[in-house]
file structure.txt (compact mmCIF, C-alpha atoms)
# COMPACT_ATOMS: atom_id res chain seq x y z
CA MET Z 608 0.00 0.00 0.00
CA ARG Z 609 1.03 3.59 -0.54
CA ASN Z 610 2.03 5.63 2.47
CA SER Z 611 -1.05 7.68 3.34
CA ALA Z 612 0.59 9.70 6.13
CA THR Z 613 -0.79 13.20 6.61
CA ARG Z 614 0.82 15.59 4.15
CA GLU Z 615 0.02 18.55 1.97
CA ILE Z 616 -1.04 17.55 -1.53
CA ARG Z 617 0.34 19.94 -4.12
CA CYS Z 618 0.56 19.35 -7.85
CA PRO Z 619 1.81 21.20 -10.94
CA PRO Z 620 -0.26 24.25 -11.95
CA VAL Z 621 -3.40 23.67 -13.99
CA PRO Z 622 -5.25 26.22 -16.17
CA THR Z 623 -6.73 29.17 -14.32
CA LEU Z 624 -10.49 29.21 -13.91
CA PRO Z 625 -12.53 31.94 -15.54
CA THR Z 626 -14.02 34.45 -13.11
CA PRO Z 627 -17.27 33.36 -11.42
CA ARG Z 628 -19.21 35.82 -13.56
CA GLU Z 629 -17.66 34.35 -16.71
CA GLN Z 630 -18.50 30.89 -15.42
CA ALA Z 631 -22.12 31.88 -14.92
CA GLU Z 632 -22.35 33.20 -18.48
CA ARG Z 633 -20.85 29.95 -19.78
CA LEU Z 634 -23.50 27.93 -17.93
CA ILE Z 635 -26.22 30.18 -19.31
CA GLU Z 636 -24.80 29.96 -22.85
CA LEU Z 637 -25.05 26.16 -22.67
CA GLY Z 638 -28.62 26.27 -21.38
CA ILE Z 639 -27.68 24.67 -18.07
CA HIS Z 640 -29.95 27.05 -16.20
CA GLN Z 641 -32.91 25.64 -18.12
CA ILE Z 642 -31.95 22.02 -17.40
CA ALA Z 643 -31.59 22.87 -13.70
CA GLY Z 644 -34.78 24.92 -13.53
CA LEU Z 645 -32.94 28.16 -12.74
CA THR Z 646 -33.17 31.60 -14.26
CA PRO Z 647 -30.19 33.35 -15.85
CA ASP Z 648 -30.42 36.08 -13.21
CA SER Z 649 -30.28 33.54 -10.39
CA LEU Z 650 -27.06 32.08 -11.79
CA ARG Z 651 -25.58 35.54 -12.16
CA CYS Z 652 -26.60 36.31 -8.59
CA HIS Z 653 -24.77 33.22 -7.30
CA ALA Z 654 -21.64 34.39 -9.11
CA GLN Z 655 -21.56 37.89 -7.61
CA SER Z 656 -19.87 36.96 -4.35
CA ALA Z 657 -18.27 33.66 -5.42
CA ASP Z 658 -14.57 32.88 -5.52
CA GLY Z 659 -13.95 29.44 -6.94
CA LEU Z 660 -15.70 26.93 -9.18
CA LEU Z 661 -19.47 27.33 -9.55
CA VAL Z 662 -21.22 23.95 -9.37
CA VAL Z 663 -24.87 23.24 -10.07
CA HIS Z 664 -26.14 20.63 -7.61
CA PRO Z 665 -26.29 17.14 -9.21
CA ASP Z 666 -29.92 16.75 -8.12
CA LEU Z 667 -30.67 19.46 -10.69
CA LEU Z 668 -28.00 18.63 -13.27
CA PRO Z 669 -27.24 14.90 -13.49
CA ALA Z 670 -23.92 13.63 -14.79
CA SER Z 671 -25.51 12.08 -17.88
CA ARG Z 672 -26.72 15.49 -19.07
CA LEU Z 673 -23.60 17.38 -18.09
CA ALA Z 674 -21.24 14.97 -19.86
CA THR Z 675 -22.62 15.83 -23.31
CA LEU Z 676 -21.97 19.55 -22.72
CA LEU Z 677 -18.24 19.11 -22.21
CA THR Z 678 -16.02 20.16 -25.11
CA VAL Z 679 -12.32 19.32 -25.32
CA ASN Z 680 -10.24 19.31 -28.51
CA GLY Z 681 -13.36 20.40 -30.38
CA LYS Z 682 -15.12 17.17 -29.39
CA HIS Z 683 -18.21 16.76 -27.21
CA GLY Z 684 -18.08 14.59 -24.11
CA PHE Z 685 -19.65 11.18 -23.71
CA VAL Z 686 -20.22 8.47 -21.10
CA VAL Z 687 -18.73 5.03 -21.72
CA ALA Z 688 -21.16 2.39 -22.92
CA ASP Z 689 -20.86 0.25 -19.80
CA MET Z 690 -21.71 3.11 -17.43
CA ALA Z 691 -25.37 3.57 -18.24
CA ASP Z 692 -25.94 3.91 -14.49
CA VAL Z 693 -23.70 6.99 -14.27
CA ASP Z 694 -26.39 9.02 -12.46
CA GLU Z 695 -26.38 6.48 -9.64
CA PHE Z 696 -22.85 7.54 -8.66
CA THR Z 697 -23.68 9.90 -5.82
CA PRO Z 698 -21.50 11.95 -3.42
CA ILE Z 699 -19.85 10.03 -0.57
CA SER Z 700 -20.17 13.13 1.63
CA PRO Z 701 -23.08 15.60 1.97
CA LEU Z 702 -23.09 18.52 -0.44
CA PRO Z 703 -24.23 22.08 0.31
CA ASP Z 704 -27.99 22.45 -0.05
CA PRO Z 705 -28.31 25.44 -2.43
CA PRO Z 706 -28.90 24.81 -6.14
CA VAL Z 707 -25.50 26.36 -6.86
CA TYR Z 708 -22.48 26.05 -4.58
CA VAL Z 709 -18.77 26.85 -4.79
CA VAL Z 710 -15.72 24.58 -4.67
CA HIS Z 711 -12.44 26.17 -3.59
CA ASP Z 712 -8.75 25.47 -4.27
CA LEU Z 713 -8.95 22.81 -6.96
CA ASP Z 714 -6.12 20.33 -7.41
CA ARG Z 715 -5.87 17.76 -10.19
CA GLY Z 716 -3.81 15.38 -8.05
CA ASP Z 717 -1.12 14.64 -10.62
CA GLU Z 718 1.35 13.54 -7.98
CA MET Z 719 -0.99 10.71 -7.00
CA ALA Z 720 -0.92 9.15 -10.47
CA ASN Z 721 -0.30 5.41 -10.19
CA TRP Z 722 -2.16 5.24 -6.87
CA SER Z 723 -5.37 3.27 -6.58
CA PRO Z 724 -8.58 4.97 -5.40
CA ASP Z 725 -8.44 2.84 -2.27
CA GLU Z 726 -4.97 4.25 -1.53
CA ALA Z 727 -5.73 7.83 -2.55
CA LEU Z 728 -8.88 8.51 -0.55
CA PRO Z 729 -7.24 8.25 2.92
CA ALA Z 730 -4.33 10.44 1.81
CA ILE Z 731 -6.67 13.14 0.48
CA THR Z 732 -8.83 13.23 3.60
CA GLU Z 733 -5.86 13.09 5.99
CA ALA Z 734 -4.44 16.10 4.15
CA GLY Z 735 -7.61 18.01 5.07
CA ARG Z 736 -8.99 18.02 1.54
CA THR Z 737 -12.07 16.51 -0.09
CA PRO Z 738 -12.17 14.43 -3.29
CA LEU Z 739 -14.13 15.96 -6.14
CA THR Z 740 -17.44 14.43 -7.11
CA LEU Z 741 -18.03 13.42 -10.71
CA THR Z 742 -20.18 16.44 -11.52
CA GLU Z 743 -17.70 18.79 -9.83
CA GLY Z 744 -14.95 17.38 -12.02
CA MET Z 745 -17.10 17.88 -15.09
CA HIS Z 746 -17.89 21.48 -14.13
CA TRP Z 747 -14.14 22.06 -13.87
CA VAL Z 748 -13.51 20.69 -17.37
CA LEU Z 749 -16.53 22.59 -18.68
CA GLN Z 750 -15.06 25.89 -17.48
CA ALA Z 751 -11.38 25.12 -18.17
CA PRO Z 752 -11.15 22.42 -20.88
CA ALA Z 753 -7.34 22.43 -20.84
CA THR Z 754 -7.53 20.95 -17.35
CA LEU Z 755 -8.02 17.60 -19.09
CA GLU Z 756 -4.77 16.70 -20.87
CA ARG Z 757 -3.75 13.48 -22.50
CA GLY Z 758 -1.58 11.69 -19.97
CA ARG Z 759 -2.74 14.01 -17.17
CA CYS Z 760 -6.37 13.20 -16.45
CA PHE Z 761 -8.10 12.54 -13.16
CA MET Z 762 -10.45 10.44 -11.09
CA THR Z 763 -13.41 11.82 -9.15
CA ILE Z 764 -13.65 9.46 -6.21
CA GLY Z 765 -15.96 11.77 -4.28
CA SER Z 766 -18.75 9.92 -6.11
CA ARG Z 767 -19.53 6.24 -5.71
CA ARG Z 768 -22.49 3.99 -6.46
CA ARG Z 769 -24.10 2.08 -3.61
CA LYS Z 770 -25.54 -1.33 -4.34
CA ALA Z 771 -28.88 -2.58 -2.98
CA ASP Z 772 -27.16 -4.16 0.02
CA GLY Z 773 -25.47 -0.86 0.93
CA SER Z 774 -21.98 -1.87 -0.17
CA LEU Z 775 -20.00 0.20 -2.65
CA ASP Z 776 -19.78 -0.66 -6.31
CA ALA Z 777 -16.12 -1.43 -7.09
CA ARG Z 778 -16.14 1.08 -9.95
CA THR Z 779 -14.84 4.61 -9.39
CA PRO Z 780 -15.60 7.40 -11.90
CA ALA Z 781 -12.95 9.26 -13.84
CA LEU Z 782 -12.51 11.78 -16.64
CA TRP Z 783 -9.99 11.28 -19.41
CA ILE Z 784 -9.45 11.72 -23.14
CA SER Z 785 -10.61 8.90 -25.37
CA ASN Z 786 -8.30 7.12 -27.79
CA GLY Z 787 -11.31 6.35 -29.97
CA THR Z 788 -10.78 2.60 -29.69
CA GLY Z 789 -13.22 -0.21 -28.94
CA ARG Z 790 -16.78 0.79 -28.12
CA ASP Z 791 -15.79 4.46 -27.81
CA GLY Z 792 -15.73 4.61 -31.61
CA THR Z 793 -13.25 6.46 -33.83
CA ALA Z 794 -15.52 9.54 -33.90
CA ASN Z 795 -14.79 10.00 -30.20
CA ARG Z 796 -11.01 10.04 -30.52
CA ASN Z 797 -9.65 12.95 -28.42
CA ALA Z 798 -13.08 13.58 -26.87
CA PRO Z 799 -13.59 14.01 -23.12
CA LYS Z 800 -14.77 10.71 -21.70
CA VAL Z 801 -16.63 9.84 -18.51
CA GLY Z 802 -15.53 6.36 -17.54
CA TRP Z 803 -14.56 4.27 -14.56
CA CYS Z 804 -11.73 2.27 -13.02
CA TRP Z 805 -11.67 -0.42 -10.35
CA ALA Z 806 -11.17 0.92 -6.84
CA GLY Z 807 -8.11 -1.27 -6.29
CA ASN Z 808 -6.35 -0.59 -9.61
CA ARG Z 809 -3.61 1.93 -10.42
CA HIS Z 810 -3.20 3.98 -13.60
CA THR Z 811 -0.12 6.05 -14.38
CA TRP Z 812 -2.13 8.69 -16.26
CA LEU Z 813 -4.89 9.31 -13.71
CA GLY Z 814 -4.49 11.62 -10.73
CA PHE Z 815 -7.12 12.28 -8.06
CA ALA Z 816 -8.92 15.62 -8.18
CA SER Z 817 -9.63 17.28 -4.84
CA ALA Z 818 -10.64 20.60 -3.30
CA ALA Z 819 -10.04 22.43 -0.06
CA THR Z 820 -13.68 23.20 0.70
CA ARG Z 821 -17.24 23.38 -0.60
CA GLN Z 822 -19.58 26.06 0.55
CA PRO Z 823 -22.94 27.51 -0.39
CA GLU Z 824 -23.23 30.86 -2.05
call {"tool": "encode", "arguments": {"input": "structure.txt", "output": "structure tokens"}}
result
Amino acid sequence: MRNSATREIRCPPVPTLPTPREQAERLIELGIHQIAGLTPDSLRCHAQSADGLLVVHPDLLPASRLATLLTVNGKHGFVVADMADVDEFTPISPLPDPPVYVVHDLDRGDEMANWSPDEALPAITEAGRTPLTLTEGMHWVLQAPATLERGRCFMTIGSRRRKADGSLDARTPALWISNGTGRDGTANRNAPKVGWCWAGNRHTWLGFASAATRQPE
């Protein structure tokens, strides 16, 4: 097992986020306010005092809808064929109640590449941080597409699926760039992909995205 002793997790710089007001306009441009049942003015209001990543609560904007709105390398996002239950991957910790909340101090977790999710989660929490949920990770890529780079992609282990008996599904969600092979299809080469990895497996090209805090606006 990896050493999960308490430590500060710091990784190489990633692209700067747009301002909260610019983020709000991006969400409005994509029609996300309509999907979530919000007005453009309400989104703009949430952005006025924000400082971080604006996130629409997954109860209002499920991962399956959000994935198709991602654009990286001029390609739209998609969910892998064997993850039809993507919306059943829910947060492992409670989220703020408002329809829009803010995530602070994002970190892609590059230095944790080649760790398994089972190894990474204790290290993230012991460092006083919180793993990003799947929809938080997608909001990040939505606002700053260059965050997702080939060879430097990330897992979002703040979301897991619970089975009927209460145990966790062994799959953990992740975001990476498709090679366009297999069931992805050649048309999806270089597109942003919502997929999964086993909780006990390691991948050299997947870090673990985390944040310092979440708070309502």
call {"tool": "residues_around", "arguments": {"input": "structure.txt", "residues": "Ala818 (chain Z)", "least_positions_apart": "2", "cutoff": "9 Å", "atoms": "all atoms listed in the file", "output": "list in words"}}
result
Val710, His711, Asp712, Leu713, Asp714, Arg715, Arg736, Thr737, Pro738, Leu739, Ala816, Thr820 and Arg821 of chain Z
call {"tool": "residues_around", "arguments": {"input": "structure.txt", "residues": "Asn797 (chain Z)", "least_positions_apart": "2", "cutoff": "12 Å", "atoms": "only C-alpha atoms", "output": "PyMOL selection string"}}
result
chain Z and resi 678-685+755-758+783-788+791-795+799-800
call {"tool": "residues_near_point", "arguments": {"input": "structure.txt", "point": "(-7.2, -1.2, -5.9)", "cutoff": "7 Å", "atoms": "only C-alpha atoms", "output": "VMD selection string"}}
result
chain Z and resid 723 to 725 805 to 809
call {"tool": "closest_residue", "arguments": {"input": "structure.txt", "among": "Z:Pro752, Z:Pro625, Z:Gly765, Z:Pro823", "to": "Thr732 (chain Z)", "atoms": "all atoms listed in the file"}}
result
Z:Gly765
call {"tool": "atom_distance", "arguments": {"input": "structure.txt", "atom1": "CA of Cys804 (chain Z)", "atom2": "CA of Arg778 (chain Z)"}}
result
5.5 Å
call {"tool": "closest_residue", "arguments": {"input": "structure.txt", "among": "Z:Arg628, Z:His810, Z:His664, Z:Lys770", "to": "Ala643 (chain Z)", "atoms": "all atoms listed in the file"}}
result
Z:His664
call {"tool": "atom_distance", "arguments": {"input": "structure.txt", "atom1": "CA of Gln750 (chain Z)", "atom2": "CA of Leu667 (chain Z)"}}
result
18.2 Å
call {"tool": "atom_distance", "arguments": {"input": "structure.txt", "atom1": "CA of Trp722 (chain Z)", "atom2": "CA of Gly789 (chain Z)"}}
result
25.3 Å
call {"tool": "residues_around", "arguments": {"input": "structure.txt", "residues": "Pro698 (chain Z)", "least_positions_apart": "3", "cutoff": "10 Å", "atoms": "all atoms listed in the file", "output": "count of residues only"}}
result
15
call {"tool": "closest_residue", "arguments": {"input": "structure.txt", "among": "Z:Val662, Z:Val709, Z:Gly814, Z:Cys760", "to": "Glu726 (chain Z)", "atoms": "all atoms listed in the file"}}
result
Z:Gly814
call {"tool": "build_atoms", "arguments": {"input": "structure.txt", "residues": "region 744-767 of chain Z", "atoms": "N, CA, C and O atoms", "output": "compact mmCIF listing (two decimals), in the frame of the given file"}}
result
# COMPACT_ATOMS: atom_id res chain seq x y z
N GLY Z 744 -16.03 17.53 -11.05
CA GLY Z 744 -14.95 17.38 -12.02
C GLY Z 744 -15.38 17.81 -13.41
O GLY Z 744 -14.62 18.46 -14.15
N MET Z 745 -16.61 17.49 -13.78
CA MET Z 745 -17.10 17.88 -15.09
C MET Z 745 -17.31 19.39 -15.19
O MET Z 745 -17.03 20.00 -16.23
N HIS Z 746 -17.78 20.02 -14.12
CA HIS Z 746 -17.89 21.48 -14.13
C HIS Z 746 -16.51 22.11 -14.33
O HIS Z 746 -16.38 23.14 -15.02
N TRP Z 747 -15.50 21.53 -13.72
CA TRP Z 747 -14.14 22.06 -13.87
C TRP Z 747 -13.69 22.00 -15.33
O TRP Z 747 -13.21 22.98 -15.89
N VAL Z 748 -13.89 20.84 -15.96
CA VAL Z 748 -13.51 20.69 -17.37
C VAL Z 748 -14.37 21.57 -18.26
O VAL Z 748 -13.89 22.13 -19.26
N LEU Z 749 -15.63 21.73 -17.91
CA LEU Z 749 -16.53 22.59 -18.68
C LEU Z 749 -16.00 24.02 -18.72
O LEU Z 749 -16.04 24.69 -19.77
N GLN Z 750 -15.52 24.50 -17.57
CA GLN Z 750 -15.06 25.89 -17.48
C GLN Z 750 -13.60 26.06 -17.93
O GLN Z 750 -13.23 27.16 -18.37
N ALA Z 751 -12.80 25.03 -17.81
CA ALA Z 751 -11.38 25.12 -18.17
C ALA Z 751 -11.00 23.82 -18.88
O ALA Z 751 -10.39 22.93 -18.29
N PRO Z 752 -11.36 23.68 -20.16
CA PRO Z 752 -11.15 22.42 -20.88
C PRO Z 752 -9.70 21.92 -20.87
O PRO Z 752 -9.47 20.70 -20.87
N ALA Z 753 -8.74 22.84 -20.82
CA ALA Z 753 -7.34 22.43 -20.84
C ALA Z 753 -6.92 21.71 -19.57
O ALA Z 753 -5.82 21.17 -19.49
N THR Z 754 -7.81 21.70 -18.57
CA THR Z 754 -7.53 20.95 -17.35
C THR Z 754 -7.37 19.46 -17.66
O THR Z 754 -6.62 18.75 -16.99
N LEU Z 755 -8.08 19.00 -18.68
CA LEU Z 755 -8.02 17.60 -19.09
C LEU Z 755 -6.99 17.47 -20.21
O LEU Z 755 -7.22 17.93 -21.33
N GLU Z 756 -5.85 16.88 -19.90
CA GLU Z 756 -4.77 16.70 -20.87
C GLU Z 756 -4.51 15.22 -21.08
O GLU Z 756 -4.63 14.43 -20.15
N ARG Z 757 -4.13 14.86 -22.27
CA ARG Z 757 -3.75 13.48 -22.50
C ARG Z 757 -2.54 13.14 -21.63
O ARG Z 757 -1.55 13.85 -21.63
N GLY Z 758 -2.65 12.08 -20.87
CA GLY Z 758 -1.58 11.69 -19.97
C GLY Z 758 -1.64 12.35 -18.62
O GLY Z 758 -0.91 11.98 -17.70
N ARG Z 759 -2.54 13.33 -18.45
CA ARG Z 759 -2.74 14.01 -17.17
C ARG Z 759 -4.23 14.23 -16.96
O ARG Z 759 -4.74 15.34 -17.07
N CYS Z 760 -4.93 13.15 -16.68
CA CYS Z 760 -6.37 13.20 -16.45
C CYS Z 760 -6.63 12.83 -14.99
O CYS Z 760 -5.69 12.67 -14.22
N PHE Z 761 -7.88 12.71 -14.59
CA PHE Z 761 -8.10 12.54 -13.16
C PHE Z 761 -9.36 11.74 -12.83
O PHE Z 761 -10.30 11.66 -13.61
N MET Z 762 -9.32 11.17 -11.63
CA MET Z 762 -10.45 10.44 -11.09
C MET Z 762 -11.26 11.37 -10.18
O MET Z 762 -10.73 12.36 -9.67
N THR Z 763 -12.51 11.02 -10.00
CA THR Z 763 -13.41 11.82 -9.15
C THR Z 763 -14.04 10.88 -8.12
O THR Z 763 -15.22 10.54 -8.21
N ILE Z 764 -13.23 10.50 -7.14
CA ILE Z 764 -13.65 9.46 -6.21
C ILE Z 764 -14.55 9.97 -5.09
O ILE Z 764 -14.90 9.23 -4.17
N GLY Z 765 -14.96 11.24 -5.20
CA GLY Z 765 -15.96 11.77 -4.28
C GLY Z 765 -17.35 11.26 -4.61
O GLY Z 765 -18.30 11.54 -3.88
N SER Z 766 -17.48 10.53 -5.72
CA SER Z 766 -18.75 9.92 -6.11
C SER Z 766 -18.57 8.41 -6.19
O SER Z 766 -17.60 7.92 -6.76
N ARG Z 767 -19.51 7.69 -5.62
CA ARG Z 767 -19.53 6.24 -5.71
C ARG Z 767 -20.98 5.76 -5.83
O ARG Z 767 -21.91 6.46 -5.40
